[in-house]
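Enquirer: My structure file run_14.txt, compact mmCIF, C-alpha atoms and all ligand atoms, is below:
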```txt
# COMPACT_ATOMS: atom_id res chain seq x y z
CA MET A 1 0.00 0.00 0.00
CA ILE A 2 1.41 3.38 -1.00
CA ASN A 3 0.20 6.60 0.66
CA ASN A 4 0.61 10.14 -0.58
CA GLY A 5 1.79 12.89 1.75
CA PHE A 6 1.31 16.65 1.35
CA ARG A 7 2.56 19.89 2.89
CA VAL A 8 1.38 23.26 1.60
CA GLN A 9 3.44 26.21 2.85
CA PHE A 10 1.01 28.98 2.05
CA ASN A 11 2.21 32.22 3.61
CA SER A 12 5.07 33.18 5.95
CA ALA A 13 4.65 36.96 6.04
CA ILE A 14 3.99 37.13 9.79
CA GLY A 15 5.86 34.05 11.05
CA PRO A 16 7.01 30.49 10.28
CA TYR A 17 4.47 28.36 8.42
CA LYS A 18 2.17 26.69 10.91
CA GLY A 19 -0.78 24.32 10.60
CA GLY A 20 -1.79 20.74 11.30
CA LEU A 21 -1.15 17.41 9.61
CA ARG A 22 -4.34 15.51 8.76
CA LEU A 23 -4.29 11.71 8.47
CA HIS A 24 -7.52 10.55 6.85
CA PRO A 25 -8.30 8.53 3.72
CA SER A 26 -10.17 11.51 2.22
CA VAL A 27 -7.05 13.73 2.19
CA ASN A 28 -6.04 15.18 -1.19
CA LEU A 29 -4.22 18.30 -2.36
CA GLY A 30 -7.44 20.32 -2.67
CA ILE A 31 -8.39 19.73 0.95
CA ILE A 32 -4.90 20.59 2.17
CA LYS A 33 -4.92 23.80 0.10
CA PHE A 34 -8.24 25.06 1.45
CA LEU A 35 -7.17 24.27 4.99
CA GLY A 36 -3.80 26.02 4.44
CA PHE A 37 -5.49 29.10 2.97
CA GLU A 38 -7.87 29.41 5.92
CA GLN A 39 -4.97 28.83 8.29
CA ILE A 40 -3.21 32.02 7.13
CA PHE A 41 -6.06 34.21 8.36
CA LYS A 42 -6.76 32.14 11.44
CA ASN A 43 -3.15 32.42 12.55
CA SER A 44 -3.21 36.13 11.86
CA LEU A 45 -6.33 36.52 14.02
CA THR A 46 -4.56 34.99 17.03
CA GLY A 47 -2.29 38.06 17.17
CA LEU A 48 0.73 35.74 17.42
CA PRO A 49 3.64 35.53 14.93
CA ILE A 50 2.67 32.47 12.87
CA GLY A 51 2.29 32.03 9.11
CA GLY A 52 -0.09 29.59 7.42
CA GLY A 53 0.39 26.03 6.15
CA LYS A 54 -1.23 22.61 6.29
CA GLY A 55 -0.36 19.03 5.47
CA GLY A 56 -1.32 15.43 5.80
CA SER A 57 -1.73 12.11 4.08
CA ASP A 58 -4.39 9.69 2.89
CA PHE A 59 -3.06 7.17 5.42
CA ASP A 60 -5.83 5.93 7.73
CA PRO A 61 -4.64 5.32 11.32
CA LYS A 62 -8.00 3.75 12.23
CA GLY A 63 -7.68 0.07 13.07
CA LYS A 64 -3.87 0.09 12.71
CA SER A 65 -1.53 -1.14 15.43
CA ASP A 66 0.83 1.28 17.19
CA ARG A 67 3.69 -0.36 15.27
CA GLU A 68 2.00 0.29 11.91
CA VAL A 69 1.21 3.91 12.84
CA MET A 70 4.84 4.41 13.89
CA ALA A 71 6.12 2.98 10.60
CA PHE A 72 3.93 5.40 8.64
CA CYS A 73 4.90 8.44 10.79
CA GLN A 74 8.60 7.64 10.35
CA SER A 75 8.30 7.33 6.55
CA PHE A 76 6.30 10.53 6.37
CA ILE A 77 8.90 12.50 8.35
CA THR A 78 11.78 10.96 6.40
CA GLU A 79 10.54 13.09 3.48
CA LEU A 80 9.01 16.02 5.37
CA TYR A 81 11.97 16.75 7.66
CA LYS A 82 13.77 18.54 4.82
CA TYR A 83 11.10 21.22 4.71
CA ILE A 84 10.27 21.85 8.37
CA GLY A 85 12.09 23.39 11.37
CA ALA A 86 11.44 25.52 14.45
CA ASP A 87 11.91 28.76 12.45
CA THR A 88 10.69 27.50 9.07
CA ASP A 89 7.55 25.42 9.40
CA VAL A 90 6.05 23.96 12.57
CA PRO A 91 3.33 21.33 11.90
CA ALA A 92 0.79 20.21 14.51
CA GLY A 93 -2.04 17.70 14.96
CA ASP A 94 -5.38 17.57 13.15
CA ILE A 95 -7.88 14.83 12.26
CA GLY A 96 -6.17 11.48 12.84
CA THR A 97 -3.02 13.09 14.24
CA GLY A 98 -2.97 13.17 18.02
CA ALA A 99 -0.28 12.91 20.70
CA ARG A 100 0.73 9.38 19.62
CA GLU A 101 1.39 10.38 16.00
CA ILE A 102 3.15 13.64 16.94
CA GLY A 103 5.43 11.62 19.28
CA TYR A 104 6.49 9.22 16.54
CA MET A 105 7.04 12.09 14.10
CA TYR A 106 9.08 14.07 16.61
CA GLY A 107 11.24 11.03 17.40
CA GLN A 108 12.02 10.50 13.72
CA TYR A 109 12.80 14.22 13.15
CA LYS A 110 15.23 14.14 16.06
CA ARG A 111 16.79 10.92 14.80
CA LEU A 112 17.37 12.38 11.33
CA THR A 113 18.55 15.87 12.30
CA GLY A 114 20.01 15.42 15.78
CA LEU A 115 18.12 18.57 16.78
CA TYR A 116 16.03 18.93 19.92
CA GLU A 117 13.88 21.84 18.82
CA GLY A 118 10.24 22.89 18.85
CA VAL A 119 9.57 21.62 15.35
CA LEU A 120 6.17 20.08 16.00
CA THR A 121 3.46 21.15 18.44
CA GLY A 122 1.02 18.98 20.35
CA LYS A 123 3.99 17.13 21.80
CA GLY A 124 3.72 15.02 24.96
CA LEU A 125 4.31 16.77 28.28
CA THR A 126 7.55 14.85 28.92
CA TYR A 127 9.31 16.21 25.81
CA GLY A 128 8.31 19.82 25.26
CA GLY A 129 4.53 19.80 25.02
CA SER A 130 2.42 22.52 26.59
CA LEU A 131 -0.15 22.05 29.31
CA ALA A 132 -3.64 22.89 28.04
CA ARG A 133 -2.76 22.22 24.37
CA THR A 134 -4.95 19.10 24.33
CA GLU A 135 -7.90 21.09 25.64
CA ALA A 136 -7.16 24.30 23.75
CA THR A 137 -9.32 24.11 20.61
CA GLY A 138 -12.45 22.96 22.42
CA TYR A 139 -11.94 25.28 25.39
CA GLY A 140 -11.15 28.20 23.08
CA LEU A 141 -14.31 27.55 21.07
CA LEU A 142 -16.36 27.89 24.25
CA TYR A 143 -14.52 31.00 25.48
CA LEU A 144 -15.32 32.69 22.18
CA THR A 145 -18.91 31.42 22.09
CA GLU A 146 -19.47 32.64 25.65
CA GLU A 147 -18.17 36.10 24.70
CA MET A 148 -20.24 36.24 21.49
CA LEU A 149 -23.38 35.37 23.43
CA LYS A 150 -22.54 37.81 26.22
CA CYS A 151 -22.01 40.70 23.79
CA ASN A 152 -25.42 39.93 22.31
CA GLY A 153 -27.18 39.86 25.66
CA HIS A 154 -27.21 36.12 26.36
CA ASP A 155 -25.65 33.85 28.96
CA ILE A 156 -24.26 30.45 27.98
CA ALA A 157 -25.27 28.99 31.36
CA GLY A 158 -28.46 26.99 31.08
CA LYS A 159 -28.30 26.69 27.27
CA THR A 160 -28.80 23.38 25.45
CA VAL A 161 -25.88 22.63 23.13
CA VAL A 162 -25.59 20.18 20.23
CA VAL A 163 -22.03 19.10 19.36
CA SER A 164 -20.92 17.02 16.37
CA GLY A 165 -17.75 14.93 16.39
CA SER A 166 -16.20 13.06 19.27
CA GLY A 167 -12.51 13.71 18.70
CA ASN A 168 -10.08 16.13 20.27
CA VAL A 169 -12.05 19.31 19.55
CA ALA A 170 -15.47 17.87 20.41
CA ILE A 171 -14.46 16.25 23.70
CA TYR A 172 -13.01 19.43 25.20
CA ALA A 173 -15.81 21.58 23.77
CA VAL A 174 -18.28 19.36 25.64
CA GLN A 175 -16.21 19.58 28.82
CA LYS A 176 -15.87 23.38 28.83
CA ALA A 177 -19.52 23.92 27.84
CA GLN A 178 -20.55 21.87 30.87
CA GLN A 179 -18.12 23.78 33.12
CA LEU A 180 -19.78 27.01 31.94
CA GLY A 181 -23.19 25.66 32.94
CA ALA A 182 -24.55 24.56 29.56
CA LYS A 183 -26.05 21.14 28.83
CA VAL A 184 -24.54 19.22 25.89
CA VAL A 185 -26.88 16.54 24.58
CA THR A 186 -25.16 15.07 21.49
CA VAL A 187 -21.83 13.88 20.06
CA SER A 188 -21.18 12.02 16.79
CA ASP A 189 -18.63 10.17 14.72
CA SER A 190 -18.48 9.21 11.07
CA THR A 191 -20.97 6.35 11.48
CA GLY A 192 -23.46 7.54 14.04
CA TRP A 193 -24.55 9.98 16.71
CA VAL A 194 -25.61 9.83 20.31
CA TYR A 195 -28.48 11.73 21.93
CA ASP A 196 -28.10 11.85 25.68
CA PRO A 197 -30.86 14.07 27.14
CA GLU A 198 -29.29 13.95 30.60
CA GLY A 199 -26.09 15.50 29.25
CA ILE A 200 -22.97 13.85 27.80
CA ASP A 201 -20.83 12.00 30.35
CA VAL A 202 -17.37 13.38 29.49
CA ALA A 203 -15.44 10.84 31.56
CA LEU A 204 -17.15 7.99 29.71
CA LEU A 205 -16.67 9.71 26.34
CA LYS A 206 -12.93 10.08 27.03
CA GLU A 207 -12.66 6.45 28.08
CA VAL A 208 -14.35 5.28 24.86
CA LYS A 209 -12.56 7.65 22.47
CA GLU A 210 -9.17 8.49 24.00
CA VAL A 211 -8.35 5.25 25.80
CA LYS A 212 -10.16 2.46 23.92
CA ARG A 213 -10.24 4.28 20.55
CA ALA A 214 -13.68 2.64 20.14
CA ARG A 215 -16.94 3.62 18.41
CA LEU A 216 -19.78 5.60 19.99
CA THR A 217 -21.89 2.44 20.17
CA GLU A 218 -19.75 1.62 23.22
CA TYR A 219 -20.70 4.93 24.84
CA ALA A 220 -24.39 4.21 24.26
CA ALA A 221 -24.03 0.65 25.55
CA ALA A 222 -22.55 1.90 28.82
CA ARG A 223 -25.02 4.75 29.40
CA PRO A 224 -28.73 3.97 29.92
CA SER A 225 -29.87 7.55 29.16
CA ALA A 226 -28.13 7.60 25.73
CA GLN A 227 -29.73 6.69 22.40
CA TYR A 228 -27.50 5.67 19.49
CA HIS A 229 -28.52 6.59 15.93
CA ASP A 230 -26.89 5.01 12.90
CA LYS A 231 -26.40 7.65 10.19
CA ALA A 232 -26.53 5.36 7.18
CA SER A 233 -29.61 3.33 8.09
CA GLU A 234 -31.62 6.22 9.58
CA GLY A 235 -30.40 9.02 7.31
CA THR A 236 -30.37 11.42 10.27
CA ASN A 237 -27.76 13.47 12.09
CA GLN A 238 -27.49 15.35 15.38
CA TRP A 239 -28.71 18.68 13.92
CA ILE A 240 -32.33 17.47 14.24
CA ILE A 241 -32.10 17.86 18.01
CA LYS A 242 -33.58 21.11 19.35
CA CYS A 243 -30.88 23.35 20.82
CA ASP A 244 -29.87 26.93 21.61
CA VAL A 245 -26.26 26.57 20.44
CA ALA A 246 -24.82 24.27 17.73
CA LEU A 247 -21.10 23.51 17.63
CA PRO A 248 -19.94 21.52 14.58
CA CYS A 249 -16.65 19.92 15.63
CA ALA A 250 -16.08 17.00 13.20
CA THR A 251 -15.16 17.90 9.63
CA GLN A 252 -15.81 20.09 6.56
CA ASN A 253 -19.30 20.37 4.99
CA GLU A 254 -21.07 18.53 7.80
CA LEU A 255 -23.78 21.18 8.26
CA ASN A 256 -25.70 21.84 5.04
CA LEU A 257 -28.67 24.01 4.06
CA GLU A 258 -31.24 21.41 5.15
CA ASP A 259 -29.51 21.13 8.54
CA ALA A 260 -29.45 24.93 8.86
CA LYS A 261 -33.19 25.10 8.14
CA THR A 262 -33.88 22.48 10.82
CA LEU A 263 -31.71 24.33 13.36
CA VAL A 264 -33.47 27.64 12.64
CA ALA A 265 -36.92 26.02 12.82
CA ASN A 266 -35.92 24.64 16.21
CA GLY A 267 -34.91 28.10 17.45
CA VAL A 268 -31.10 27.94 17.41
CA MET A 269 -29.50 31.15 18.67
CA ALA A 270 -25.81 30.65 17.83
CA VAL A 271 -23.55 28.46 15.70
CA ALA A 272 -19.79 28.48 16.22
CA GLU A 273 -17.46 26.29 14.17
CA GLY A 274 -15.05 24.06 16.08
CA ALA A 275 -14.12 22.23 12.88
CA ASN A 276 -12.68 23.86 9.76
CA MET A 277 -15.45 24.94 7.34
CA PRO A 278 -18.07 22.50 8.66
CA THR A 279 -20.91 24.76 7.49
CA THR A 280 -21.55 24.97 3.75
CA LEU A 281 -21.76 28.41 2.15
CA GLU A 282 -25.54 28.17 1.62
CA ALA A 283 -26.06 27.05 5.21
CA THR A 284 -23.90 29.92 6.53
CA LYS A 285 -25.94 32.46 4.53
CA TYR A 286 -29.23 30.96 5.70
CA LEU A 287 -28.19 31.08 9.35
CA GLN A 288 -27.00 34.68 9.06
CA GLU A 289 -30.13 35.79 7.20
CA ASN A 290 -32.24 34.28 9.94
CA GLY A 291 -30.54 36.21 12.72
CA VAL A 292 -28.41 33.37 14.08
CA LEU A 293 -25.10 34.50 15.61
CA PHE A 294 -22.51 32.72 13.46
CA CYS A 295 -18.78 32.55 14.12
CA PRO A 296 -16.55 30.95 11.45
CA GLY A 297 -13.90 28.36 12.31
CA LYS A 298 -10.97 30.59 11.45
CA ALA A 299 -11.87 32.59 14.54
CA ALA A 300 -13.79 30.13 16.70
CA ASN A 301 -11.26 27.29 16.56
CA ALA A 302 -8.12 29.43 16.61
CA GLY A 303 -7.45 28.48 20.24
CA GLY A 304 -5.66 25.32 19.12
CA VAL A 305 -3.09 27.02 16.96
CA ALA A 306 -2.79 29.91 19.43
CA THR A 307 -1.81 27.46 22.15
CA SER A 308 0.55 25.75 19.71
CA ALA A 309 2.24 29.13 19.31
CA LEU A 310 2.45 29.31 23.12
CA GLU A 311 4.09 25.87 23.02
CA MET A 312 6.65 27.28 20.54
CA SER A 313 7.36 30.17 22.93
CA GLN A 314 7.91 27.78 25.82
CA ASN A 315 10.20 25.61 23.69
CA SER A 316 12.25 28.66 22.66
CA GLU A 317 12.74 29.82 26.23
CA ARG A 318 13.11 26.20 27.48
CA LEU A 319 10.49 26.73 30.18
CA SER A 320 7.08 25.22 30.91
CA TRP A 321 4.17 27.36 31.99
CA THR A 322 1.43 26.15 34.35
CA PHE A 323 -1.98 25.00 33.11
CA GLU A 324 -3.60 28.12 34.58
CA GLU A 325 -1.09 30.40 32.86
CA VAL A 326 -1.69 28.87 29.43
CA ASP A 327 -5.46 28.63 29.93
CA SER A 328 -5.74 32.28 30.96
CA LYS A 329 -3.67 33.39 27.95
CA LEU A 330 -5.94 31.24 25.75
CA LYS A 331 -9.05 32.86 27.19
CA ASN A 332 -7.64 36.36 26.61
CA ILE A 333 -6.74 35.49 23.05
CA MET A 334 -10.23 34.15 22.26
CA VAL A 335 -11.99 37.15 23.83
CA ASN A 336 -9.69 39.48 21.86
CA ILE A 337 -10.34 37.61 18.63
CA PHE A 338 -14.08 38.07 19.07
CA HIS A 339 -13.73 41.80 19.75
CA ASN A 340 -11.39 42.24 16.77
CA LEU A 341 -13.77 40.65 14.33
CA ASP A 342 -16.76 42.40 15.85
CA ALA A 343 -14.94 45.74 15.49
CA ALA A 344 -13.83 45.01 11.90
CA ALA A 345 -17.41 44.08 10.94
CA LYS A 346 -18.69 47.35 12.45
CA LYS A 347 -15.94 49.48 10.87
CA TYR A 348 -16.73 48.15 7.40
CA GLY A 349 -20.50 48.58 7.78
CA MET A 350 -21.35 44.91 8.34
CA ASP A 351 -22.32 44.95 12.00
CA GLY A 352 -22.90 41.44 13.35
CA ASP A 353 -21.43 39.71 10.28
CA TYR A 354 -18.64 37.83 12.00
CA VAL A 355 -17.69 35.98 8.80
CA ALA A 356 -16.81 39.28 7.12
CA GLY A 357 -15.23 40.55 10.34
CA ALA A 358 -12.93 37.53 10.62
CA ASN A 359 -11.93 37.69 6.98
CA ILE A 360 -11.17 41.40 7.11
CA ALA A 361 -9.32 41.39 10.44
CA GLY A 362 -7.28 38.30 9.48
CA PHE A 363 -6.45 39.57 6.00
CA LEU A 364 -5.37 43.12 6.86
CA LYS A 365 -2.41 42.11 9.06
CA VAL A 366 -1.06 39.67 6.47
CA ALA A 367 -1.53 42.14 3.62
CA GLU A 368 0.25 44.91 5.53
CA ALA A 369 3.16 42.60 6.40
CA MET A 370 3.48 41.44 2.80
CA THR A 371 3.36 44.96 1.42
CA ALA A 372 5.96 46.15 3.94
CA GLN A 373 8.34 43.32 2.99
CA GLY A 374 8.28 44.30 -0.68
CA ILE A 375 8.06 42.18 -3.81
CA VAL A 376 10.03 39.07 -2.83
P1 LIG B 401 -10.11 14.00 15.60
O1 LIG B 401 -9.49 13.06 14.62
O2 LIG B 401 -9.67 13.97 17.00
O3 LIG B 401 -11.71 13.81 15.58
C1 LIG B 401 -12.45 13.97 14.42
C2 LIG B 401 -13.89 13.66 14.71
O4 LIG B 401 -14.68 13.97 13.56
C3 LIG B 401 -14.14 12.20 15.00
O5 LIG B 401 -15.26 12.09 15.83
C4 LIG B 401 -14.42 11.63 13.62
O6 LIG B 401 -15.19 10.45 13.63
C5 LIG B 401 -15.20 12.77 12.98
N1 LIG B 401 -14.97 12.79 11.54
C6 LIG B 401 -13.78 12.88 10.90
N2 LIG B 401 -13.95 12.84 9.57
C7 LIG B 401 -15.27 12.70 9.38
C8 LIG B 401 -16.07 12.60 8.22
N3 LIG B 401 -15.53 12.62 7.00
N4 LIG B 401 -17.41 12.50 8.40
C9 LIG B 401 -17.96 12.48 9.65
N5 LIG B 401 -17.25 12.57 10.78
C10 LIG B 401 -15.93 12.68 10.64
O7 LIG B 401 -9.93 15.44 14.95
P2 LIG B 401 -10.01 16.86 15.67
O8 LIG B 401 -11.02 16.85 16.74
O9 LIG B 401 -8.63 17.29 15.97
O10 LIG B 401 -10.50 17.79 14.45
C11 LIG B 401 -11.89 18.03 14.18
C12 LIG B 401 -12.03 19.27 13.30
O11 LIG B 401 -11.47 20.39 14.00
C13 LIG B 401 -11.31 19.23 11.95
O12 LIG B 401 -12.05 19.98 11.02
C14 LIG B 401 -9.99 19.93 12.26
O13 LIG B 401 -9.41 20.46 11.08
C15 LIG B 401 -10.49 21.03 13.18
N6 LIG B 401 -9.48 21.64 14.05
C16 LIG B 401 -8.73 20.88 14.92
C17 LIG B 401 -7.83 21.49 15.74
C18 LIG B 401 -7.06 20.74 16.78
O14 LIG B 401 -6.38 21.39 17.59
N7 LIG B 401 -7.13 19.42 16.84
C19 LIG B 401 -7.58 22.95 15.66
C20 LIG B 401 -8.47 23.65 14.78
C21 LIG B 401 -9.35 23.00 14.00
P3 LIG B 401 -14.49 9.04 13.34
O15 LIG B 401 -13.75 8.71 14.59
O16 LIG B 401 -15.61 8.12 13.04
O17 LIG B 401 -13.59 9.26 12.17
```
Represent the supplied structure as structure tokens.
Ligand code: NDP
Expert:
Amino acid sequence: MINNGFRVQFNSAIGPYKGGLRLHPSVNLGIIKFLGFEQIFKNSLTGLPIGGGKGGSDFDPKGKSDREVMAFCQSFITELYKYIGADTDVPAGDIGTGAREIGYMYGQYKRLTGLYEGVLTGKGLTYGGSLARTEATGYGLLYLTEEMLKCNGHDIAGKTVVVSGSGNVAIYAVQKAQQLGAKVVTVSDSTGWVYDPEGIDVALLKEVKEVKRARLTEYAAARPSAQYHDKASEGTNQWIIKCDVALPCATQNELNLEDAKTLVANGVMAVAEGANMPTTLEATKYLQENGVLFCPGKAANAGGVATSALEMSQNSERLSWTFEEVDSKLKNIMVNIFHNLDAAAKKYGMDGDYVAGANIAGFLKVAEAMTAQGIV
């Protein structure tokens, strides 16, 4: 079996290329390019010095042994190591790339170069990883959502939340939403979704997904209040559940126009994207036209890459910050991102259009940096 690997180094005007490595059978150059393009503006929005890139492979880690995953990661880095480095390009995790994969990749980079440098982020805590990086994307999504609701006169506490996905972003989105007093009633994976009206049991979800690497059927089997729905046989998804806030946290194009209509009919108040471009263009327009507060992924999920940049800082100064230190910086960053895009939307006459606000605020910094650096 031969797999193809990709790395798109899109823009380095404001810092070294930075963006995740996706391992999923659907990966192709087009997907990596759209993710890399979005990453430029996302990274700009964080206010930190990071350029935009993305990479990955059509290798599928699902069902493979640790030994097989290690063999793939080592082959992948044997080619990629020539193009990356702490000041050149710093990849991170994404779908299918978690702490295990980053560890194997880091080991191979070190073996080939002899360098102990912050070349990858999402590393384990024993070799340069940052506290709160695992939680960062999901937590950040909730910090921003909380601020967006607050600035529009709502409180997240007491709200019913529907989450899609059950990976890294989804798990910590569920956890933080519950800590903020909301009730999360769904999670999903590529084959099915779970409705748990009593609220998702995060400890059980972590056990099933992070420890056993099992399917959501195991969650439902262990939890009497949960109902499992098979996507293929039922033709349904979690967006049919009535909620105040919807957080798509699985993958691109997972919330389409039909889903948007259902959400609006059920009275949804806010949608914030934990995944990258989960909402189709038509669905985004429909939600906005119907008065739903909508925050695009390039802003809402920027907490992951922001904390990766904090990991780079810690690696450079060879220090480790506490969980509270990183988490409070993350919260500040997310609140600032929301206010920046809100202000940009207002300044350009599109009050409340956070899609336009994020695009404008993210673009301006990159454009100014590129112009200042001349034609190179
Ligand atoms: P994980 O691999 O940890 O989890 C992905 C989740 O989405 C799983 O539940 C998976 O189900 C589901 N999923 C993946 N592909 C599909 C598909 N084609 N159809 C339906 N469900 C699917 O990935 P992450 O949580 O890290 O990433 C989720 C999203 O968030 C992605 O869009 C990613 O780009 C984005 N993101 C991630 C960041 C991070 O820090 N990790 C940062 C910013 C954005 P199954 O197990 O069945 O495959």
Enquirer: Can you tell me which residues sit at most 7 Å away from ligand LIG 401 (chain B), counting all atoms listed in the file, written as a PyMOL selection string?
Expert: chain A and resi 93-98+136-137+165-170+188-191+249-252+274-276+278+301-302+304-305
Enquirer: Quick one: residues within 12 Å of Ser75 in chain A, only C-alpha atoms, excluding same-chain residues fewer than 4 positions away - as a ChimeraX atom specification?
Expert: /A:2-5,57,59,68-71,79-81,104-105,107-109,112
Enquirer: Would you mind reading off the distance between CA of Lys298 in chain A and CA of Asn28 in chain A, one decimal, in Å?
Expert: 20.5 Å
Enquirer: Work out how far CA of Lys159 in chain A is from CA of Gly303 in chain A, in Å to one decimal.
Expert: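 So the two atoms, CA of Gly303 in chain A and CA of Lys159 in chain A, lie 22.1 Å apart.
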Enquirer: Set the distance at 12 Å and use all atoms listed in the file: which residues neighbour Gln288 in chain A once local chain neighbours fewer than 2 positions away are removed? I'd like the list as a ChimeraX atom specification.
Expert: /A:257,260-261,264,268-272,279,281-286,290-296,350-356
Enquirer: Near Glu218 in chain A, counting only C-alpha atoms, which residues have an atom at most 10 Å away, once you skip same-chain residues fewer than 6 positions from it, shown as an mmCIF file with C-alpha atoms, in the coordinates of the input?
Expert:
```
data_model
loop_
_atom_site.group_PDB
_atom_site.id
_atom_site.type_symbol
_atom_site.label_atom_id
_atom_site.label_comp_id
_atom_site.auth_asym_id
_atom_site.auth_seq_id
_atom_site.Cartn_x
_atom_site.Cartn_y
_atom_site.Cartn_z
ATOM 1 C CA LEU A 204 -17.150 7.990 29.710
ATOM 2 C CA LEU A 205 -16.670 9.710 26.340
ATOM 3 C CA GLU A 207 -12.660 6.450 28.080
ATOM 4 C CA VAL A 208 -14.350 5.280 24.860
ATOM 5 C CA LYS A 209 -12.560 7.650 22.470
ATOM 6 C CA LYS A 212 -10.160 2.460 23.920
ATOM 7 C CA TYR A 228 -27.500 5.670 19.490
#
```
Enquirer: I'd like to know which of A:Asp87, A:Glu317, A:Asp155, A:Glu210 is closest to Leu180 in chain A, using all atoms listed in the file.
Expert: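 For Leu180 in chain A, the nearest of the given residues is A:Asp155.
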Enquirer: Hey, which of A:Ala86, A:Gly192, A:Asn256, A:Val119 ends up closest to Ser233 in chain A? Count all atoms listed in the file.
Expert: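 So, comparing all the options, the nearest one is A:Gly192.
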Enquirer: Just checking: using all atoms listed in the file, which residue out of A:Lys206, A:Arg213, A:Lys231, A:Lys242 ends up closest to Val161 in chain A?
Expert: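 Of A:Lys206, A:Arg213, A:Lys231, A:Lys242, the one nearest Val161 in chain A is A:Lys242, counting all atoms listed in the file.
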Enquirer: One decimal, in Å: what's the spacing between CA of Asp259 in chain A and CA of Tyr195 in chain A?
Expert: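 CA of Tyr195 in chain A lies 16.4 Å from CA of Asp259 in chain A.
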Enquirer: I need the residue nearest Val366 in chain A from this list: A:His339, A:Lys42, A:Lys150, A:Lys176. Use all atoms listed in the file for the distance.
Expert: A:Lys42
Enquirer: Could you check the closest approach to Gly357 in chain A for each of A:Val163, A:Ala132, A:Phe41, A:Gly124 and tell me which residue wins, using only C-alpha atoms?
Expert: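 For Gly357 in chain A, the nearest of the candidates is A:Phe41.
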